[in-house]
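Shown next: work09.cif, given as mmCIF, C-alpha atoms.
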```cif
data_model
#
loop_
_atom_site.label_atom_id
_atom_site.label_comp_id
_atom_site.auth_asym_id
_atom_site.auth_seq_id
_atom_site.Cartn_x
_atom_site.Cartn_y
_atom_site.Cartn_z
CA MET A 1 0.00 0.00 0.00
CA ASP A 2 1.50 3.34 -1.03
CA SER A 3 1.51 6.38 1.23
CA SER A 4 -1.32 8.19 -0.60
CA THR A 5 -3.60 5.17 -0.24
CA SER A 6 -2.77 4.79 3.42
CA LEU A 7 -3.27 8.52 4.05
CA PHE A 8 -6.63 8.37 2.28
CA GLY A 9 -7.50 5.29 4.33
CA ILE A 10 -6.60 7.09 7.56
CA PHE A 11 -8.76 10.07 6.56
CA ILE A 12 -11.80 7.92 5.69
CA THR A 13 -11.33 5.78 8.79
CA MET A 14 -11.22 8.78 11.12
CA ALA A 15 -14.06 10.64 9.37
CA LEU A 16 -16.53 7.82 8.80
CA VAL A 17 -15.58 4.36 10.02
CA ASN A 18 -14.25 5.29 13.47
CA ASN A 19 -16.13 8.57 13.81
CA LEU A 20 -15.27 10.05 17.19
CA ILE A 21 -18.88 10.85 18.10
CA LEU A 22 -20.71 7.82 16.74
CA SER A 23 -18.22 5.01 17.35
CA LYS A 24 -15.99 6.30 20.16
CA PHE A 25 -18.64 8.44 21.92
CA LEU A 26 -16.21 11.34 22.31
CA GLY A 27 -17.40 14.95 22.08
CA LEU A 28 -20.99 14.29 23.05
CA CYS A 29 -21.41 17.57 24.99
CA PRO A 30 -21.13 19.84 21.93
CA PHE A 31 -22.88 17.17 19.84
CA PHE A 32 -26.06 17.49 21.86
CA GLY A 33 -25.59 21.08 23.03
CA VAL A 34 -24.78 22.92 19.80
CA SER A 35 -26.67 20.79 17.30
CA LYS A 36 -29.96 22.69 17.55
CA LYS A 37 -29.09 25.15 14.75
CA LEU A 38 -27.11 24.26 11.61
CA LYS A 39 -25.12 27.52 11.53
CA ASN A 40 -23.93 27.08 15.12
CA ALA A 41 -23.16 23.40 14.54
CA VAL A 42 -21.01 24.10 11.49
CA SER A 43 -19.24 26.97 13.27
CA MET A 44 -18.50 24.71 16.25
CA GLY A 45 -17.32 21.99 13.87
CA VAL A 46 -14.90 24.37 12.15
CA ALA A 47 -13.60 25.54 15.54
CA VAL A 48 -13.05 21.92 16.59
CA VAL A 49 -11.28 21.14 13.30
CA VAL A 50 -8.90 24.07 13.83
CA VAL A 51 -8.16 23.14 17.44
CA MET A 52 -7.93 19.42 16.65
CA PHE A 53 -5.48 20.01 13.79
CA ALA A 54 -3.27 22.45 15.71
CA ALA A 55 -3.36 20.38 18.91
CA SER A 56 -2.46 17.20 17.06
CA VAL A 57 0.51 18.76 15.29
CA VAL A 58 1.85 20.57 18.36
CA SER A 59 1.28 17.53 20.61
CA TRP A 60 3.02 15.26 18.10
CA LEU A 61 6.02 17.59 17.96
CA LEU A 62 6.20 17.83 21.76
CA TYR A 63 5.72 14.09 22.25
CA TYR A 64 8.43 12.98 19.83
CA GLY A 65 10.69 16.01 20.31
CA ILE A 66 10.67 16.24 24.11
CA LEU A 67 8.64 13.60 25.94
CA GLU A 68 10.03 10.59 24.11
CA ALA A 69 13.53 12.04 23.82
CA TYR A 70 13.75 12.52 27.61
CA ASP A 71 11.74 9.38 28.45
CA ILE A 72 8.92 11.27 30.19
CA MET A 73 6.00 9.94 28.13
CA TYR A 74 3.91 9.68 31.31
CA MET A 75 3.52 13.48 31.13
CA ARG A 76 1.67 13.34 27.81
CA THR A 77 -1.83 13.80 29.25
CA VAL A 78 -0.85 16.95 31.12
CA ILE A 79 1.11 18.36 28.18
CA PHE A 80 -1.64 17.57 25.66
CA ILE A 81 -4.31 19.22 27.84
CA LEU A 82 -2.13 22.32 28.27
CA VAL A 83 -1.64 22.54 24.50
CA ILE A 84 -5.38 22.18 23.85
CA ALA A 85 -6.29 24.74 26.53
CA SER A 86 -3.83 27.27 25.11
CA LEU A 87 -5.13 26.81 21.56
CA VAL A 88 -8.75 27.14 22.68
CA GLN A 89 -7.95 30.40 24.49
CA ILE A 90 -6.37 31.79 21.32
CA LEU A 91 -9.36 30.68 19.24
CA GLU A 92 -11.86 32.08 21.75
CA LEU A 93 -10.15 35.48 21.80
CA THR A 94 -10.02 35.52 18.00
CA ILE A 95 -13.72 34.71 17.63
CA ARG A 96 -14.69 37.21 20.33
CA ARG A 97 -12.82 40.01 18.54
CA THR A 98 -13.89 39.14 15.00
CA ASN A 99 -17.46 37.78 15.32
CA VAL A 100 -19.30 38.66 18.53
CA SER A 101 -22.60 37.11 17.38
CA LEU A 102 -20.89 33.76 16.71
CA TYR A 103 -19.09 34.02 20.04
CA ASN A 104 -22.43 34.56 21.82
CA ALA A 105 -24.14 31.76 19.83
CA LEU A 106 -21.46 29.22 20.75
CA GLY A 107 -21.65 30.34 24.38
CA ILE A 108 -20.20 27.98 26.94
CA TYR A 109 -19.47 25.32 24.33
CA LEU A 110 -16.52 27.24 22.90
CA PRO A 111 -14.40 27.13 26.08
CA LEU A 112 -15.60 23.56 26.59
CA ILE A 113 -13.52 22.54 23.57
CA THR A 114 -10.69 22.52 26.11
CA THR A 115 -12.31 19.55 27.81
CA ASN A 116 -13.71 18.03 24.63
CA CYS A 117 -12.61 14.43 24.79
CA ALA A 118 -12.64 14.22 20.98
CA VAL A 119 -9.72 16.65 20.69
CA LEU A 120 -7.70 14.90 23.39
CA GLY A 121 -8.71 11.52 21.96
CA VAL A 122 -7.26 12.33 18.55
CA THR A 123 -3.92 13.34 20.06
CA PHE A 124 -3.80 9.99 21.88
CA ILE A 125 -4.89 8.03 18.79
CA ASN A 126 -2.10 9.63 16.75
CA VAL A 127 0.59 8.84 19.31
CA ASP A 128 -0.73 5.38 20.23
CA ASN A 129 -0.84 4.33 16.56
CA GLY A 130 2.71 5.61 16.01
CA PHE A 131 1.61 7.96 13.23
CA GLY A 132 4.23 10.13 11.56
CA LEU A 133 3.62 13.83 11.11
CA ALA A 134 1.83 13.45 7.75
CA GLU A 135 -0.40 10.70 9.14
CA THR A 136 -1.10 12.83 12.23
CA ILE A 137 -2.18 15.75 10.05
CA VAL A 138 -4.46 13.57 7.92
CA SER A 139 -5.85 11.78 10.97
CA SER A 140 -6.70 15.02 12.76
CA LEU A 141 -8.28 16.54 9.66
CA GLY A 142 -10.30 13.37 9.05
CA ALA A 143 -11.49 13.29 12.64
CA GLY A 144 -12.41 16.97 12.51
CA VAL A 145 -14.27 16.61 9.23
CA GLY A 146 -16.14 13.59 10.62
CA PHE A 147 -16.98 15.52 13.78
CA THR A 148 -18.30 18.46 11.73
CA LEU A 149 -20.22 16.18 9.37
CA VAL A 150 -22.04 14.39 12.18
CA LEU A 151 -22.70 17.67 14.00
CA ALA A 152 -24.19 19.18 10.83
CA MET A 153 -26.28 16.07 10.12
CA MET A 154 -27.62 16.06 13.66
CA SER A 155 -28.49 19.75 13.56
CA GLY A 156 -30.30 19.36 10.23
CA ILE A 157 -32.36 16.53 11.67
CA ARG A 158 -33.07 18.42 14.90
CA GLU A 159 -34.20 21.52 12.99
CA ARG A 160 -36.74 19.35 11.16
CA LEU A 161 -37.81 17.66 14.38
CA ASP A 162 -38.62 21.07 15.86
CA ILE A 163 -41.45 21.43 13.35
CA ALA A 164 -42.43 17.75 13.35
CA ASP A 165 -45.19 16.20 15.41
CA VAL A 166 -43.06 14.48 18.06
CA PRO A 167 -44.81 12.98 21.11
CA LYS A 168 -44.47 15.29 24.11
CA SER A 169 -42.45 12.77 26.12
CA PHE A 170 -39.84 12.51 23.32
CA GLU A 171 -39.31 16.24 22.70
CA GLY A 172 -35.83 17.67 23.23
CA ILE A 173 -33.02 15.43 24.38
CA PRO A 174 -34.92 12.07 24.28
CA ILE A 175 -35.50 12.33 20.54
CA ALA A 176 -31.92 13.58 20.10
CA PHE A 177 -30.66 10.37 21.75
CA ILE A 178 -32.82 8.28 19.42
CA VAL A 179 -31.54 10.17 16.37
CA ALA A 180 -27.93 9.77 17.59
CA MET A 181 -28.49 6.02 17.94
CA LEU A 182 -29.89 5.79 14.42
CA LEU A 183 -26.99 7.84 13.03
CA GLY A 184 -24.55 5.52 14.82
CA ILE A 185 -26.23 2.47 13.32
CA SER A 186 -26.15 4.03 9.84
CA PHE A 187 -22.42 4.78 10.14
CA ILE A 188 -21.71 1.08 10.73
CA ALA A 189 -22.18 0.65 6.97
CA PHE A 190 -18.99 2.65 6.36
CA GLY A 191 -16.98 -0.16 7.98
CA GLY A 192 -16.63 -1.89 4.61
CA LEU A 193 -14.93 1.09 2.95
CA VAL A 194 -11.46 0.57 4.35
#
```
How would this structure read if it were set down as C-alpha cells?
Amino acid sequence: MDSSTSLFGIFITMALVNNLILSKFLGLCPFFGVSKKLKNAVSMGVAVVVVMFAASVVSWLLYYGILEAYDIMYMRTVIFILVIASLVQILELTIRRTNVSLYNALGIYLPLITTNCAVLGVTFINVDNGFGLAETIVSSLGAGVGFTLVLAMMSGIRERLDIADVPKSFEGIPIAFIVAMLLGISFIAFGGLV
C-alpha cells in the first residue's frame, strides 16, 4: 500500500468508520448542546477542526521532540491538555474580537472545547498508533471533518424535528438520543470502505 492510499485510508477511517462521536462516543457535549441550529453546529465543527489540527501537530512535535527524547511519556496527558487549553484560548479570543454574534451563539461550548474528549482523543490516537507527522495531520483533519459532518447532520435533523409532530415525552433530548443512535447504526455501513 502506497503512502497516498494509506493517508486516504486514515482520513476515511477517522471521518466515517471510526467517527469520534458515533463510534468512540467522544465529544458528546457539543454534539447534543450545539446541534440545535445548523449555523452554530457548522461553526463549532470548524472551531473543533482548527483546534484538533493544531493540537495534534503541536502535541506530536512535543511528544516525539521532548517527551520521548527525555523518556517522560507519562507526562503526555498533562502536556496535551495544556496545548489544547492554550489553543482554545487563542481561538476564543479571536472569535470574540472578530465575530461577537458567533461568540455569543457558541456560548459555553466554545471554552468547553478545552475539555472536549474528541480533541484529546485524537492526540492519543495519533501517538498510540505511532503515526508520523503526515499521518497525524491527515488523521486530525479526518477526525475533525467527521466531527463536523455528524454535527451538521444532527443539527439538520433536529431543525426538522422542531417542526415535526413528536410525542411530548420525546421532545428535546430524548428524541436527540434516538436520532444519535440511528446515526450511529447508519455509520456502521462505512466499515466496509477501508
Taking the file as shown, find all residues satisfying the PyMOL selection byres ((chain A and resi 117-120) around 9) and write them as a PDB file with C-alpha atoms, in the frame of the given file.
```pdb
ATOM      1  CA  LEU A  20     -15.270  10.050  17.190  1.00  0.00           C
ATOM      2  CA  ILE A  21     -18.880  10.850  18.100  1.00  0.00           C
ATOM      3  CA  LYS A  24     -15.990   6.300  20.160  1.00  0.00           C
ATOM      4  CA  PHE A  25     -18.640   8.440  21.920  1.00  0.00           C
ATOM      5  CA  LEU A  26     -16.210  11.340  22.310  1.00  0.00           C
ATOM      6  CA  GLY A  27     -17.400  14.950  22.080  1.00  0.00           C
ATOM      7  CA  LEU A  28     -20.990  14.290  23.050  1.00  0.00           C
ATOM      8  CA  VAL A  48     -13.050  21.920  16.590  1.00  0.00           C
ATOM      9  CA  VAL A  49     -11.280  21.140  13.300  1.00  0.00           C
ATOM     10  CA  VAL A  51      -8.160  23.140  17.440  1.00  0.00           C
ATOM     11  CA  MET A  52      -7.930  19.420  16.650  1.00  0.00           C
ATOM     12  CA  PHE A  53      -5.480  20.010  13.790  1.00  0.00           C
ATOM     13  CA  ALA A  55      -3.360  20.380  18.910  1.00  0.00           C
ATOM     14  CA  SER A  56      -2.460  17.200  17.060  1.00  0.00           C
ATOM     15  CA  THR A  77      -1.830  13.800  29.250  1.00  0.00           C
ATOM     16  CA  PHE A  80      -1.640  17.570  25.660  1.00  0.00           C
ATOM     17  CA  ILE A  81      -4.310  19.220  27.840  1.00  0.00           C
ATOM     18  CA  ILE A  84      -5.380  22.180  23.850  1.00  0.00           C
ATOM     19  CA  ILE A 113     -13.520  22.540  23.570  1.00  0.00           C
ATOM     20  CA  THR A 114     -10.690  22.520  26.110  1.00  0.00           C
ATOM     21  CA  THR A 115     -12.310  19.550  27.810  1.00  0.00           C
ATOM     22  CA  ASN A 116     -13.710  18.030  24.630  1.00  0.00           C
ATOM     23  CA  GLY A 121      -8.710  11.520  21.960  1.00  0.00           C
ATOM     24  CA  VAL A 122      -7.260  12.330  18.550  1.00  0.00           C
ATOM     25  CA  THR A 123      -3.920  13.340  20.060  1.00  0.00           C
ATOM     26  CA  PHE A 124      -3.800   9.990  21.880  1.00  0.00           C
ATOM     27  CA  ILE A 125      -4.890   8.030  18.790  1.00  0.00           C
ATOM     28  CA  SER A 140      -6.700  15.020  12.760  1.00  0.00           C
ATOM     29  CA  ALA A 143     -11.490  13.290  12.640  1.00  0.00           C
ATOM     30  CA  GLY A 144     -12.410  16.970  12.510  1.00  0.00           C
ATOM     31  CA  PHE A 147     -16.980  15.520  13.780  1.00  0.00           C
TER      32      PHE A 147
END
```
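Between Leu106 of chain A and the residues A:Leu16, A:Ala47, A:Ala180, A:Ile10, the shortest atom-to-atom distance, using only C-alpha atoms, involves A:Ala47.
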Report as a PyMOL selection string the residues that result from applying the PyMOL selection byres ((chain A and resi 91) around 10) to the structure here.
-> chain A and resi 47-48+50-51+85-90+92-97+110-111
In file coordinates, which residues lie within 8 Å of (-40.4, 10.0, 18.6) using all atoms listed in the file, given as a VMD selection string?
-> chain A and resid 166 to 167 170 to 171 175 178
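Among the candidates A:Ile137, A:Leu7, A:Val127, A:Met154, the one nearest to Glu68 of chain A when counting only C-alpha atoms is A:Val127.
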Exercise: Val179 of chain A partners within 12 Å, all atoms listed in the file, chain neighbours under 2 positions left out, as a compact mmCIF listing (two decimals) with C-alpha atoms, in the frame of the given file:
```txt
# COMPACT_ATOMS: atom_id res chain seq x y z
CA LEU A 22 -20.71 7.82 16.74
CA PHE A 31 -22.88 17.17 19.84
CA PHE A 32 -26.06 17.49 21.86
CA SER A 35 -26.67 20.79 17.30
CA VAL A 150 -22.04 14.39 12.18
CA LEU A 151 -22.70 17.67 14.00
CA MET A 153 -26.28 16.07 10.12
CA MET A 154 -27.62 16.06 13.66
CA SER A 155 -28.49 19.75 13.56
CA GLY A 156 -30.30 19.36 10.23
CA ILE A 157 -32.36 16.53 11.67
CA ARG A 158 -33.07 18.42 14.90
CA ARG A 160 -36.74 19.35 11.16
CA LEU A 161 -37.81 17.66 14.38
CA PHE A 170 -39.84 12.51 23.32
CA GLU A 171 -39.31 16.24 22.70
CA GLY A 172 -35.83 17.67 23.23
CA ILE A 173 -33.02 15.43 24.38
CA PRO A 174 -34.92 12.07 24.28
CA ILE A 175 -35.50 12.33 20.54
CA ALA A 176 -31.92 13.58 20.10
CA PHE A 177 -30.66 10.37 21.75
CA MET A 181 -28.49 6.02 17.94
CA LEU A 182 -29.89 5.79 14.42
CA LEU A 183 -26.99 7.84 13.03
CA GLY A 184 -24.55 5.52 14.82
CA ILE A 185 -26.23 2.47 13.32
CA SER A 186 -26.15 4.03 9.84
```
Might you spell out which residues the PyMOL selection byres ((chain A and resi 192) around 12) would select in the displayed file, as a CSV table (one decimal) with C-alpha atoms, keeping the file's coordinate frame?
```csv
chain,number,residue,atom,x,y,z
A,9,GLY,CA,-7.5,5.3,4.3
A,12,ILE,CA,-11.8,7.9,5.7
A,13,THR,CA,-11.3,5.8,8.8
A,16,LEU,CA,-16.5,7.8,8.8
A,17,VAL,CA,-15.6,4.4,10.0
A,18,ASN,CA,-14.2,5.3,13.5
A,187,PHE,CA,-22.4,4.8,10.1
A,188,ILE,CA,-21.7,1.1,10.7
A,189,ALA,CA,-22.2,0.6,7.0
A,190,PHE,CA,-19.0,2.6,6.4
A,191,GLY,CA,-17.0,-0.2,8.0
A,193,LEU,CA,-14.9,1.1,3.0
A,194,VAL,CA,-11.5,0.6,4.4
```
Selected residue of minimal separation from Tyr64 of chain A among A:Asn99, A:Asn126, A:Asn19, A:Ser43, counting only C-alpha atoms |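 Nearest candidate to Tyr64 of chain A out of A:Asn99, A:Asn126, A:Asn19, A:Ser43: A:Asn126.
Among the candidates A:Leu61, A:Ala134, A:Ser169, A:Ala152, the one nearest to Ser6 of chain A when counting all atoms listed in the file is A:Ala134.
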Atom CA of Val58 of chain A to atom CA of Val78 of chain A: how many Å, to one decimal?
->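 Interatomic distance here is 13.5 Å.
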Could you check which of A:Ala105, A:Leu141, A:Ile66, A:Val83 is closest to Leu38 of chain A, using all atoms listed in the file?
->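 Closest residue, counting all atoms listed in the file: A:Ala105.
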Hey, can you check how far atom CA of Ala15 of chain A sits from atom CA of Gly142 of chain A?
->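 Computed distance, atom CA of Ala15 of chain A to atom CA of Gly142 of chain A, equals 4.7 Å.
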Separation of atom CA of Pro30 of chain A from atom CA of Tyr109 of chain A, in Å and rounded to one decimal =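 About the pair atom CA of Pro30 of chain A and atom CA of Tyr109 of chain A: they are 6.2 Å apart.
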